[in-house]
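Data first, discussion second: the structure below is written as structure tokens.
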Amino acid sequence: MKKHMEDAIILENVRLNPTTCRMILQAPAVAREARPGQFVMVRVDSSFDPFLRRPFSFFRIDRNEGIIELVYRIVGKGTKIMSTKQKGETVNIVGPMGNGFRPPPEDAASVWFVAGGIGMAALVACMEDIRLRRPRSRRVLFYGAKTHSEFIPKIYFSSLCHEVHYSTDDGSAGFCGTVLDCMKSVTGANSLPSYLYACGPPSMLKHTANWVIENKIPAQFCLESVMGCGMGACLGCALPGQVDYGHGKTRFVHVCFEGPVFYPEQIRWEEL
Amino acid sequence: MKKHMEDAIILENVRLNPTTCRMILQAPAVAREARPGQFVMVRVDSSFDPFLRRPFSFFRIDRNEGIIELVYRIVGKGTKIMSTKQKGETVNIVGPMGNGFRPPPEDAASVWFVAGGIGMAALVACMEDIRLRRPRSRRVLFYGAKTHSEFIPKIYFSSLCHEVHYSTDDGSAGFCGTVLDCMKSVTGANSLPSYLYACGPPSMLKHTANWVIENKIPAQFCLESVMGCGMGACLGCALPGQVDYGHGKTRFVHVCFEGPVFYPEQIRWEEL
Amino acid sequence: MKKSVDLSVTVGPIRLQNPVMVASGTFGYGREFADFVPLEKLGAVIVKGISLTPRPGNPPPRIVETTAGLINSIGLENVGVEVFLKEKLPYLQKRSVPVIVNIFGERVEEYRELAEILDNQEGIIALEVNISCPNVSAGGLHFGADPESAAKVIETVKENTSLPVMVKLSPQVTSIALIARAVEEAGADIISCINTIPAMAVDIYTRKPRLGNVVGGLSGPAIKPIALRCVFEVVRAVKIPVVGVGGIATPEDALEFLLVGARAVQVGSVNFTNPRASLEIIEGIARFLSENNFATIEEYIGTLQLSEGDPTIQTVR
Amino acid sequence: MKKSVDLSVTVGPIRLQNPVMVASGTFGYGREFADFVPLEKLGAVIVKGISLTPRPGNPPPRIVETTAGLINSIGLENVGVEVFLKEKLPYLQKRSVPVIVNIFGERVEEYRELAEILDNQEGIIALEVNISCPNVSAGGLHFGADPESAAKVIETVKENTSLPVMVKLSPQVTSIALIARAVEEAGADIISCINTIPAMAVDIYTRKPRLGNVVGGLSGPAIKPIALRCVFEVVRAVKIPVVGVGGIATPEDALEFLLVGARAVQVGSVNFTNPRASLEIIEGIARFLSENNFATIEEYIGTLQLSEGDPTIQTVR
Ligand SMILES: Cc1cc2nc3c(=O)[nH]c(=O)nc-3n(C[C@H](O)[C@H](O)[C@H](O)COP(=O)(O)OP(=O)(O)OC[C@H]3O[C@@H](n4cnc5c(N)ncnc54)[C@H](O)[C@@H]3O)c2cc1C
Ligand SMILES: Cc1cc2nc3c(=O)[nH]c(=O)nc-3n(C[C@H](O)[C@H](O)[C@H](O)COP(=O)(O)OP(=O)(O)OC[C@H]3O[C@@H](n4cnc5c(N)ncnc54)[C@H](O)[C@@H]3O)c2cc1C
Ligand SMILES: Cc1cc2nc3c(=O)[nH]c(=O)nc-3n(C[C@H](O)[C@H](O)[C@H](O)COP(=O)(O)O)c2cc1C
Ligand SMILES: Cc1cc2nc3c(=O)[nH]c(=O)nc-3n(C[C@H](O)[C@H](O)[C@H](O)COP(=O)(O)O)c2cc1C
Ligand code: FES
Ligand code: FES
């Protein structure tokens, strides 16, 4: 899988909610190789302030049309600049980076998707992929956010899954509480999924990981970390990993080239 | 004269020729105090790259409408960014800075304006002012550039003066040679002006200064230098000056608060 | 906005209504900024460096912009202490602005005389001793590069003034902690850091240096991470208070310095980019503290949390 | 474009097809960039710092962005020399890329062993000795901070290798010229400078350092003016060739270093921002020289014009 750098043309860049945008990019070279769970490194501006590229998961991939879509939350300098870009302008992207989600076993009857906030961006691509590859699986989405206004519109995912459970920390929509509490509440212990995919903030992933490990649910987690290069050169994206390192020491995993998708057993969650 | 900082609204920002733009700004606070020869410090962008403001002379001032105009040549990072600004956006400006042109004596019969390249920007405001203040003076413009495409359109100045002499280094329009050679060629020694205003690149000013000093023509020169603050705080805009400094040492003049308009005797031209 | 926050700080022997000063050389003699900043709202105004006799400064060009910063080689041009007292100080006295006078000399003797002359002048609340300028007698090194010379200067100044003495350190040393300890022992009341970092720019077309003086000092946002590390090191090395300076451009930047333990900050180059920056930083600090439920700035200063295993200061790649 | 320019340079004992290398730690082991840069077009690839045994590196976060730069505290994570030779070097050998191996140790002994092991390996054209990492035995200072320790490391490496030895200097010293002279006398063949500058960032909300290691090293465009001044000083202090590194992001930047006398350059952090930067810099240098009528790069290197009265290196303000 070859990586490409290209000036992607912005076909659309609109708000999905007050803090979230969707950017549609004409990026044939990257689109050709892209897989759900992988990401692109976006250079938001030609100036050196900001200096580093910003990583964003594929939200949608259209190989045939050479189009990729990103959904991003405005959190700081870089995403703010991105949000001001107009249709017709270009942004320079590098990708695809990292390793995508692997499909669940053929016989996975029920697959759960657990999205926290903007973690939804990567999971939409994942759901779409699994709908195609495991059409007979029953796909259930648990979608949590701080508050109702953070959700992206249903239209982007309702056709991809059979069931959606919303939760909000402030109770402004759906279940009041964390997405994990929501999962626990809507299902008894006897209806655990055959497979689980999760993406969201660290604390949510941590609790979810403990839960899936406890319940022996096979799962994949999409993680974030600060990125220098996004391509394995700087070793900046390390997170505490369980992999053995020489004399019994645990070592670090590198989100950009060993992830961003990990099995929960690979991470030292307690140190995250 | 109070200085102001304001977010000026861009009313227009268009090309006058391939490398020169004209920006019309709604800037009531600055316009109220502005005088020809003075300048504003423009913050081209909210990022810190570029870090410093850029100085630009007033090209036109409309006190009543609260409008100022700048004419700028695209030479580097800052002016390039300026040229991409759209109508309706704002740029933050500080001004007015420095000291303007002083009018010639009441009885100045003939006043010459010597513009080199983008130096024309400051002289247009000067000509307009002198047309009002010394309506009976005969105003002659010498306008030199490297090549014909660098001239701004005649419409901006033809009504302000009685005569225009163009010159280009490459002979592509008007007199072939420097603006000084042009002046010398079109006039005999017996038709020297009663007053002269000049603005342009250092080498042109230097030669013109030597000539006016030699011929005892009273004159004012608008100079440039690199600026840190534009308001007398950093002492970064120094140029070699003739003013006595303690024990017989010559010292520096500061373009932003002692200029940018100087009498030719104030400058050590040979060191410029 | 919630209820108002007490921003006043004591910085060793001096008390300021808020921790925001403006840095020497970036705010002229104060008056230049009066159209933009109500001067009496500032913690203090540190004036352009003053020497015993007027200095013409370095040949132009004196300033060159760099990515997110600038290099200057003003060469300490100034009117000299006599003119300063006669023509510049009275304005600040009239406006009741706490003034800190930045002084420098080429010989220890000059520092001594400056200290004497500036003692007992109304409105001056402290001296800031710049020890990062060329020391002719020590062969091109500055006083600030060598602990002994630095101590010598400070001792001399202390002996000749009743004013609190703040010493301004250069970051261009192997160990700023070492110099800090030396000036503390010599009697300094306060340390300010950092001064600009020696730097250079050239023009690839003319093939000449872009500064008349070839080398100058780098300042601006580019150097903030270096300044913050220096302040962190010095805070841990000495007991006297530290004032942070270097690349501060926003309230957040100022708060970072306070967090690592600076008891006040100086706002420098950004005054050029935004002449109202110092005022906006004061307001922004107040807003931040209020929003985060601090009643006084003292509750925030120096509260950086280092975890158990955190290394002490070590220089990593 | 006019006729082609000869970009080849000799850098002491080594000859390169062009003066553009990629800096250690910013280009992985080369392979990571193969999709973007035809590796064989580079002057040389300097691989990530290698130690005797594998190192896990520092706790995350390891990177934080700053204005026009970044701070890293990777902590010299690397696979160790054994795995490097077995798994990383062969790829570069196959691609016929001139390789420079960046080495570091915590004790002089480790440098000795590394030098021995790396001697006589195909494709390796030089060693770059990183002397800016913590030296446990000398109490937290690095070898690079002290002329004697620095010299000791270089002597040891020189005695144990037949390869040219390039020494990488830290800018965080009072006088980089002094260290440069020390390593020259100790037998260094080439000097590269600068390594990153110790720096820090904190989070005003969580009130914690933004790096797991608290302190890290600043790199990127922000530090270019400092790096350029260091190279200028070192070029004038020693006779051995100097390789410039620090904030180079464009062909113009690279030309500035060559102009002040660097015989080659290293492209570092900008590889993250623009993975094709090294290639674009090579092409840009060629274009500039051609447009300005230079037949060879040698005609340009070190031709900075200082006027009569120019001060020698002195630290101003
Ligand atoms: C593999 C990967 C995929 C991602 N996919 C998406 C996505 O699809 N949509 C989306 O909105 N975001 C995604 N992110 C997060 C996104 O990269 C950051 O939100 C973005 O870089 C912030 O840039 P900024 O300049 O706006 O914020 P900054 O001004 O740089 O920082 C603002 C805040 O965000 C935090 N932050 C900055 N960078 C990161 C980072 N890389 N990871 C976590 N926190 C960070 C900072 O600590 C700070 O608190 C992804 C991150 C990774 C590593
Ligand atoms: C008082 C004054 C009035 C001016 N009025 C005008 C005007 O009306 N119209 C106009 O087009 N220009 C004017 N200038 C010049 C203008 O300020 C510069 O062209 C501009 O700052 C360049 O910015 P940049 O970022 O595009 O170029 P940079 O990328 O900063 O530099 C590009 C090139 O321009 C040179 N340069 C940069 N700043 C200056 C400067 N201040 N003076 C001279 N050369 C510089 C650099 O050395 C470099 O070679 C004036 C300058 C001064 C001092
Ligand atoms: C133009 C200029 C002039 C300066 N003059 C002085 C001075 O006279 N004395 C002094 O101690 N520091 C001087 N400095 C250093 C500043 O006070 C400050 O320490 C430095 O610029 C770093 O802060 P900054 O990044 O916020 O500008 C000067 C800085 C600049 C940019
Ligand atoms: C992420 C990262 C890792 C680095 N690792 C090393 C290293 O292992 N050995 C070394 O000598 N320098 C290392 N450096 C320093 C660079 O080689 C270079 O000297 C420095 O970054 C300055 O150049 P730049 O501004 O172009 O990046 C590293 C720099 C970065 C940013
Ligand atoms: S971001 Fe550079 S190695 Fe992962
Ligand atoms: S530009 Fe600062 S004093 Fe003139």
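Each chain of the structure tokens is named A, B, ... in the order shown, its residues numbered from 1; ligands are numbered from 1 in display order.
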Residues at most 6 Å from segment 123-125 of chain A, counting only C-alpha atoms, excluding those fewer than 3 positions away in the same chain, as a count of residues only?
5
As a tab-separated table (two decimals) with C-alpha atoms, in the first residue's frame, please: chain A after a least-squares superposition onto chain B using all C-alpha atoms matched in order.
```tsv
chain	number	residue	atom	x	y	z
A	1	MET	CA	-2.42	63.51	16.65
A	2	LYS	CA	-3.65	60.32	18.22
A	3	LYS	CA	-2.81	56.89	16.85
A	4	HIS	CA	-5.51	54.29	16.50
A	5	MET	CA	-5.72	50.56	16.08
A	6	GLU	CA	-8.74	49.37	14.16
A	7	ASP	CA	-10.12	46.43	12.23
A	8	ALA	CA	-10.53	48.03	8.85
A	9	ILE	CA	-13.12	46.58	6.51
A	10	ILE	CA	-11.88	45.89	3.02
A	11	LEU	CA	-14.16	47.65	0.56
A	12	GLU	CA	-12.10	46.69	-2.43
A	13	ASN	CA	-8.83	44.89	-3.12
A	14	VAL	CA	-7.95	44.71	-6.79
A	15	ARG	CA	-4.96	44.50	-9.09
A	16	LEU	CA	-3.79	47.66	-10.79
A	17	ASN	CA	-1.15	45.77	-12.72
A	18	PRO	CA	0.40	42.29	-12.48
A	19	THR	CA	2.31	43.05	-9.28
A	20	THR	CA	0.43	45.96	-7.73
A	21	CYS	CA	-2.85	46.07	-5.81
A	22	ARG	CA	-5.10	48.75	-4.48
A	23	MET	CA	-6.89	48.21	-1.20
A	24	ILE	CA	-9.72	50.45	-0.10
A	25	LEU	CA	-10.38	50.38	3.61
A	26	GLN	CA	-13.19	51.62	5.81
A	27	ALA	CA	-11.08	52.96	8.66
A	28	PRO	CA	-12.77	56.00	10.16
A	29	ALA	CA	-10.52	56.46	13.19
A	30	VAL	CA	-7.31	56.36	11.20
A	31	ALA	CA	-8.73	58.35	8.28
A	32	ARG	CA	-9.73	61.18	10.60
A	33	GLU	CA	-6.11	61.86	11.56
A	34	ALA	CA	-4.29	60.82	8.41
A	35	ARG	CA	-2.01	63.13	6.41
A	36	PRO	CA	-0.26	62.50	3.10
A	37	GLY	CA	3.21	61.05	3.65
A	38	GLN	CA	2.13	59.27	6.81
A	39	PHE	CA	1.59	55.55	6.84
A	40	VAL	CA	-0.25	52.68	8.50
A	41	MET	CA	1.11	49.46	9.94
A	42	VAL	CA	-0.91	46.55	8.58
A	43	ARG	CA	-1.23	43.21	10.29
A	44	VAL	CA	-1.65	40.99	7.28
A	45	ASP	CA	-2.86	37.96	9.19
A	46	SER	CA	-3.76	36.84	12.67
A	47	SER	CA	-1.07	34.14	12.66
A	48	PHE	CA	2.45	34.84	13.96
A	49	ASP	CA	4.02	33.95	10.64
A	50	PRO	CA	4.56	36.68	9.45
A	51	PHE	CA	5.10	38.24	12.87
A	52	LEU	CA	5.58	41.94	12.17
A	53	ARG	CA	3.20	44.48	10.72
A	54	ARG	CA	3.95	45.91	7.30
A	55	PRO	CA	4.12	49.67	6.65
A	56	PHE	CA	2.18	51.27	3.79
A	57	SER	CA	1.82	54.92	2.84
A	58	PHE	CA	-1.55	56.53	2.43
A	59	PHE	CA	-2.37	56.55	-1.25
A	60	ARG	CA	-5.61	58.39	-0.73
A	61	ILE	CA	-7.43	59.69	2.30
A	62	ASP	CA	-11.11	60.49	2.49
A	63	ARG	CA	-11.66	61.98	5.93
A	64	ASN	CA	-15.36	62.55	5.44
A	65	GLU	CA	-16.14	59.04	4.31
A	66	GLY	CA	-13.68	57.53	6.79
A	67	ILE	CA	-11.88	55.78	3.99
A	68	ILE	CA	-8.20	55.26	3.26
A	69	GLU	CA	-6.59	53.64	0.26
A	70	LEU	CA	-3.33	51.78	-0.03
A	71	VAL	CA	-1.47	50.84	-3.17
A	72	TYR	CA	1.00	48.06	-2.63
A	73	ARG	CA	3.37	45.96	-4.63
A	74	ILE	CA	3.49	42.22	-4.02
A	75	VAL	CA	7.10	41.56	-3.07
A	76	GLY	CA	7.04	38.89	-0.37
A	77	LYS	CA	5.13	36.87	2.15
A	78	GLY	CA	3.12	39.68	3.70
A	79	THR	CA	2.00	41.45	0.57
A	80	LYS	CA	1.13	38.12	-1.01
A	81	ILE	CA	-1.22	37.35	1.84
A	82	MET	CA	-2.70	40.84	1.59
A	83	SER	CA	-3.39	40.32	-2.07
A	84	THR	CA	-5.58	37.29	-1.33
A	85	LYS	CA	-7.89	39.15	1.03
A	86	GLN	CA	-11.43	39.49	-0.12
A	87	LYS	CA	-13.85	42.38	-0.02
A	88	GLY	CA	-15.69	42.25	3.30
A	89	GLU	CA	-12.80	40.77	5.26
A	90	THR	CA	-10.97	42.94	7.74
A	91	VAL	CA	-7.33	43.78	8.28
A	92	ASN	CA	-6.06	45.21	11.51
A	93	ILE	CA	-4.23	48.50	11.03
A	94	VAL	CA	-2.43	50.94	13.30
A	95	GLY	CA	-1.95	54.54	12.34
A	96	PRO	CA	-1.42	57.14	11.31
A	97	MET	CA	2.32	56.79	11.82
A	98	GLY	CA	5.14	59.22	11.19
A	99	ASN	CA	5.14	62.73	9.81
A	100	GLY	CA	3.56	63.74	6.57
A	101	PHE	CA	4.81	65.93	3.77
A	102	ARG	CA	4.91	69.61	4.61
A	103	PRO	CA	3.50	71.91	1.92
A	104	PRO	CA	5.91	73.98	-0.13
A	105	PRO	CA	6.17	77.75	0.44
A	106	GLU	CA	3.11	79.76	-0.64
A	107	ASP	CA	4.98	81.13	-3.61
A	108	ALA	CA	6.29	77.85	-4.94
A	109	ALA	CA	5.57	78.25	-8.63
A	110	SER	CA	6.63	74.87	-9.88
A	111	VAL	CA	6.60	71.73	-7.81
A	112	TRP	CA	8.13	68.50	-9.05
A	113	PHE	CA	7.17	65.07	-7.92
A	114	VAL	CA	9.69	62.33	-8.49
A	115	ALA	CA	8.32	58.81	-8.12
A	116	GLY	CA	10.28	55.61	-8.47
A	117	GLY	CA	8.19	52.45	-8.79
A	118	ILE	CA	5.86	51.89	-5.89
A	119	GLY	CA	7.11	55.16	-4.37
A	120	MET	CA	4.26	56.59	-6.43
A	121	ALA	CA	1.85	55.46	-3.71
A	122	ALA	CA	2.94	58.17	-1.26
A	123	LEU	CA	3.32	60.84	-3.94
A	124	VAL	CA	-0.25	60.59	-5.20
A	125	ALA	CA	-1.49	61.62	-1.77
A	126	CYS	CA	1.10	64.37	-1.72
A	127	MET	CA	0.09	65.72	-5.13
A	128	GLU	CA	-3.55	65.72	-4.22
A	129	ASP	CA	-2.79	67.65	-1.05
A	130	ILE	CA	-0.67	70.25	-2.81
A	131	ARG	CA	-3.22	70.73	-5.53
A	132	LEU	CA	-5.59	71.82	-2.78
A	133	ARG	CA	-3.17	73.85	-0.72
A	134	ARG	CA	-1.17	75.41	-3.54
A	135	PRO	CA	-3.70	75.47	-6.33
A	136	ARG	CA	-1.62	77.89	-8.37
A	137	SER	CA	1.51	75.80	-8.35
A	138	ARG	CA	2.53	74.06	-11.55
A	139	ARG	CA	2.85	70.40	-10.70
A	140	VAL	CA	5.09	68.16	-12.78
A	141	LEU	CA	5.35	64.44	-12.22
A	142	PHE	CA	8.37	62.34	-13.12
A	143	TYR	CA	7.38	58.73	-12.86
A	144	GLY	CA	10.00	56.08	-13.36
A	145	ALA	CA	9.85	52.31	-13.23
A	146	LYS	CA	11.86	49.29	-14.27
A	147	THR	CA	9.43	48.49	-17.03
A	148	HIS	CA	6.12	49.77	-18.36
A	149	SER	CA	3.96	47.13	-16.69
A	150	GLU	CA	4.90	48.50	-13.27
A	151	PHE	CA	3.10	51.81	-13.77
A	152	ILE	CA	-0.24	52.27	-12.10
A	153	PRO	CA	-3.01	53.56	-14.38
A	154	LYS	CA	-2.95	57.25	-15.28
A	155	ILE	CA	-6.44	57.80	-14.01
A	156	TYR	CA	-5.11	57.85	-10.45
A	157	PHE	CA	-2.89	60.88	-10.95
A	158	SER	CA	-3.44	62.58	-14.30
A	159	SER	CA	-5.87	65.12	-12.85
A	160	LEU	CA	-3.47	65.99	-10.03
A	161	CYS	CA	-0.64	67.40	-12.10
A	162	HIS	CA	-0.09	69.46	-15.20
A	163	GLU	CA	2.57	67.35	-16.77
A	164	VAL	CA	3.69	63.73	-16.57
A	165	HIS	CA	7.05	62.36	-17.72
A	166	TYR	CA	7.38	58.63	-17.78
A	167	SER	CA	10.68	56.83	-17.77
A	168	THR	CA	11.63	53.16	-17.74
A	169	ASP	CA	14.93	51.46	-17.21
A	170	ASP	CA	14.28	49.16	-20.15
A	171	GLY	CA	12.84	51.82	-22.42
A	172	SER	CA	9.51	50.00	-22.72
A	173	ALA	CA	7.65	53.26	-22.14
A	174	GLY	CA	8.58	56.94	-21.99
A	175	PHE	CA	12.16	58.06	-21.55
A	176	CYS	CA	14.69	55.24	-21.52
A	177	GLY	CA	16.79	55.58	-18.38
A	178	THR	CA	16.48	56.59	-14.76
A	179	VAL	CA	13.95	59.09	-13.58
A	180	LEU	CA	16.81	61.46	-12.73
A	181	ASP	CA	18.21	61.28	-16.25
A	182	CYS	CA	14.71	61.93	-17.47
A	183	MET	CA	14.42	65.05	-15.33
A	184	LYS	CA	17.76	66.28	-16.49
A	185	SER	CA	16.91	65.62	-20.12
A	186	VAL	CA	13.54	67.30	-20.31
A	187	THR	CA	14.63	70.45	-18.53
A	188	GLY	CA	17.46	72.85	-19.03
A	189	ALA	CA	19.36	74.17	-16.03
A	190	ASN	CA	17.31	77.34	-16.10
A	191	SER	CA	14.00	75.67	-15.49
A	192	LEU	CA	14.64	74.10	-12.12
A	193	PRO	CA	11.61	73.62	-9.88
A	194	SER	CA	10.92	75.76	-6.83
A	195	TYR	CA	10.23	72.64	-4.78
A	196	LEU	CA	10.62	68.88	-5.15
A	197	TYR	CA	9.07	65.80	-3.52
A	198	ALA	CA	10.54	62.37	-4.06
A	199	CYS	CA	9.73	58.81	-3.10
A	200	GLY	CA	11.25	55.62	-4.46
A	201	PRO	CA	14.00	53.07	-4.00
A	202	PRO	CA	17.15	54.09	-2.08
A	203	SER	CA	19.49	54.39	-5.05
A	204	MET	CA	17.07	56.64	-6.89
A	205	LEU	CA	16.60	58.84	-3.84
A	206	LYS	CA	20.30	59.03	-3.29
A	207	HIS	CA	21.03	60.30	-6.78
A	208	THR	CA	18.11	62.65	-6.71
A	209	ALA	CA	19.22	63.98	-3.33
A	210	ASN	CA	22.72	64.70	-4.61
A	211	TRP	CA	21.22	66.51	-7.53
A	212	VAL	CA	18.82	68.68	-5.52
A	213	ILE	CA	21.52	69.51	-2.97
A	214	GLU	CA	23.87	70.44	-5.77
A	215	ASN	CA	21.22	72.60	-7.39
A	216	LYS	CA	19.98	74.00	-4.09
A	217	ILE	CA	16.42	72.90	-4.75
A	218	PRO	CA	14.37	72.71	-1.55
A	219	ALA	CA	12.94	69.24	-1.29
A	220	GLN	CA	11.40	66.52	0.81
A	221	PHE	CA	12.12	62.83	0.50
A	222	CYS	CA	9.97	59.97	1.71
A	223	LEU	CA	12.21	57.13	2.90
A	224	GLU	CA	11.75	53.51	3.79
A	225	SER	CA	13.45	51.22	6.23
A	226	VAL	CA	12.66	47.97	7.94
A	227	MET	CA	10.20	48.59	10.75
A	228	GLY	CA	9.67	46.82	14.02
A	229	CYS	CA	7.01	48.91	15.70
A	230	GLY	CA	6.43	51.91	13.45
A	231	MET	CA	5.91	54.10	16.51
A	232	GLY	CA	9.25	55.00	18.00
A	233	ALA	CA	9.56	52.21	20.50
A	234	CYS	CA	12.07	49.76	19.04
A	235	LEU	CA	14.60	52.04	17.31
A	236	GLY	CA	14.80	49.46	14.57
A	237	CYS	CA	14.11	51.79	11.65
A	238	ALA	CA	17.37	53.73	11.90
A	239	LEU	CA	19.09	55.17	8.85
A	240	PRO	CA	22.36	57.09	8.81
A	241	GLY	CA	21.50	60.70	9.59
A	242	GLN	CA	23.40	63.96	9.56
A	243	VAL	CA	22.16	65.19	12.90
A	244	ASP	CA	24.93	65.89	15.32
A	245	TYR	CA	25.30	63.35	18.09
A	246	GLY	CA	27.19	64.55	21.12
A	247	HIS	CA	30.90	64.68	20.51
A	248	GLY	CA	30.77	65.48	16.85
A	249	LYS	CA	29.51	62.03	15.94
A	250	THR	CA	26.81	61.78	13.37
A	251	ARG	CA	23.91	59.69	14.53
A	252	PHE	CA	20.97	57.82	13.11
A	253	VAL	CA	17.56	59.11	12.13
A	254	HIS	CA	14.51	56.99	12.75
A	255	VAL	CA	12.23	56.66	9.79
A	256	CYS	CA	9.04	55.96	11.70
A	257	PHE	CA	8.99	58.91	14.07
A	258	GLU	CA	11.44	61.39	12.61
A	259	GLY	CA	10.34	60.58	9.08
A	260	PRO	CA	9.38	58.96	6.84
A	261	VAL	CA	9.58	62.39	5.17
A	262	PHE	CA	13.02	63.99	5.50
A	263	TYR	CA	14.82	66.98	4.10
A	264	PRO	CA	17.69	65.72	1.99
A	265	GLU	CA	20.24	67.38	4.28
A	266	GLN	CA	19.18	65.15	7.17
A	267	ILE	CA	20.46	61.95	5.61
A	268	ARG	CA	24.00	60.65	5.10
A	269	TRP	CA	23.20	59.53	1.59
A	270	GLU	CA	26.64	58.10	0.96
A	271	GLU	CA	26.04	55.49	3.64
A	272	LEU	CA	22.52	54.55	2.61
```
From segment 32-256 of chain A, collect each residue whose DSSP state is alpha helix (DSSP H) and return the set as a PyMOL selection string.
chain A and resi 32-33+77-83+120-133+179-186+202-214+255-256
Please, what distance in Å, to one decimal, runs between atom 5 (N, counted along the ligand's line) of ligand 3 and atom CA of Gly12 of chain C?
23.9 Å
Running DSSP on the backbone, which parts of segment 24-181 of chain D land in strand (DSSP E or B), as a ChimeraX atom specification?
/D:44-50,55,63-66,69-72,78,99-103,124-130,134,142,165-169
Record the distance separating atom CA of Ser175 of chain C and atom CA of Val245 of chain D, expressed in Å with one decimal.
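We find that atom CA of Ser175 of chain C and atom CA of Val245 of chain D lie 22.6 Å from each other.
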Which residues are close to Ile191 of chain D, i.e. within 9 Å by only C-alpha atoms, leaving aside same-chain residues fewer than 2 positions away? Reply as JSON, numbers by chain.
{"D": [128, 165, 166, 167, 168, 169, 180, 183, 184, 188, 189, 193, 234, 240, 241, 242, 243, 244]}
Identify, on the basis of only C-alpha atoms, every residue whose closest approach to Gly261 of chain D does not exceed 8 Å; exclude the query and any residue fewer than 3 positions from it along the same chain; express the result as an MDAnalysis selection string.
chainID D and resid 231:232 235 242 257:258 301:304
Selection file, C-alpha atoms, as a compact mmCIF listing (two decimals), in the first residue's frame:
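The resulting file, out-v6.txt, is reproduced below:
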```txt
# COMPACT_ATOMS: atom_id res chain seq x y z
CA VAL D 231 27.05 27.43 12.08
CA PHE D 232 28.56 30.85 11.36
CA VAL D 235 32.75 27.74 10.61
CA VAL D 242 30.61 22.00 9.05
CA PHE D 257 23.53 27.77 5.61
CA LEU D 258 25.73 27.11 2.58
CA ILE D 301 29.55 27.87 -0.45
CA GLY D 302 30.98 30.21 2.16
CA THR D 303 30.83 33.34 0.04
CA LEU D 304 29.07 35.51 2.60
```
Pick out the residues sitting within 7 Å of segment 55-59 of chain D, and hand them over as a ChimeraX atom specification; count only C-alpha atoms, and ignore anything fewer than 5 positions along from it in its own chain.
/A:251-252 /D:73-80,212-213
Residues at most 10 Å from segment 141-157 of chain C, counting only C-alpha atoms, excluding those fewer than 6 positions away in the same chain, as a PyMOL selection string?
(chain C and resi 104-116+127+129-135+163-176+178-189) or (chain D and resi 173-175+314-317)
May I have a table of the residues of chain D lying at most 9 Å from ligand 5, giving each one's closest pair of atoms and their distance in Å to one decimal, counting only C-alpha atoms and all ligand atoms, ordered by chain and ascending residue number, as CSV?
```
residue,atom,partner,partner_atom_place_in_ligand_line,distance
D:Thr26,CA,ligand 5,2 (Fe),8.4
D:Gly28,CA,ligand 5,3 (S),8.1
D:Ile63,CA,ligand 5,1 (S),8.9
D:Phe272,CA,ligand 5,2 (Fe),7.8
```
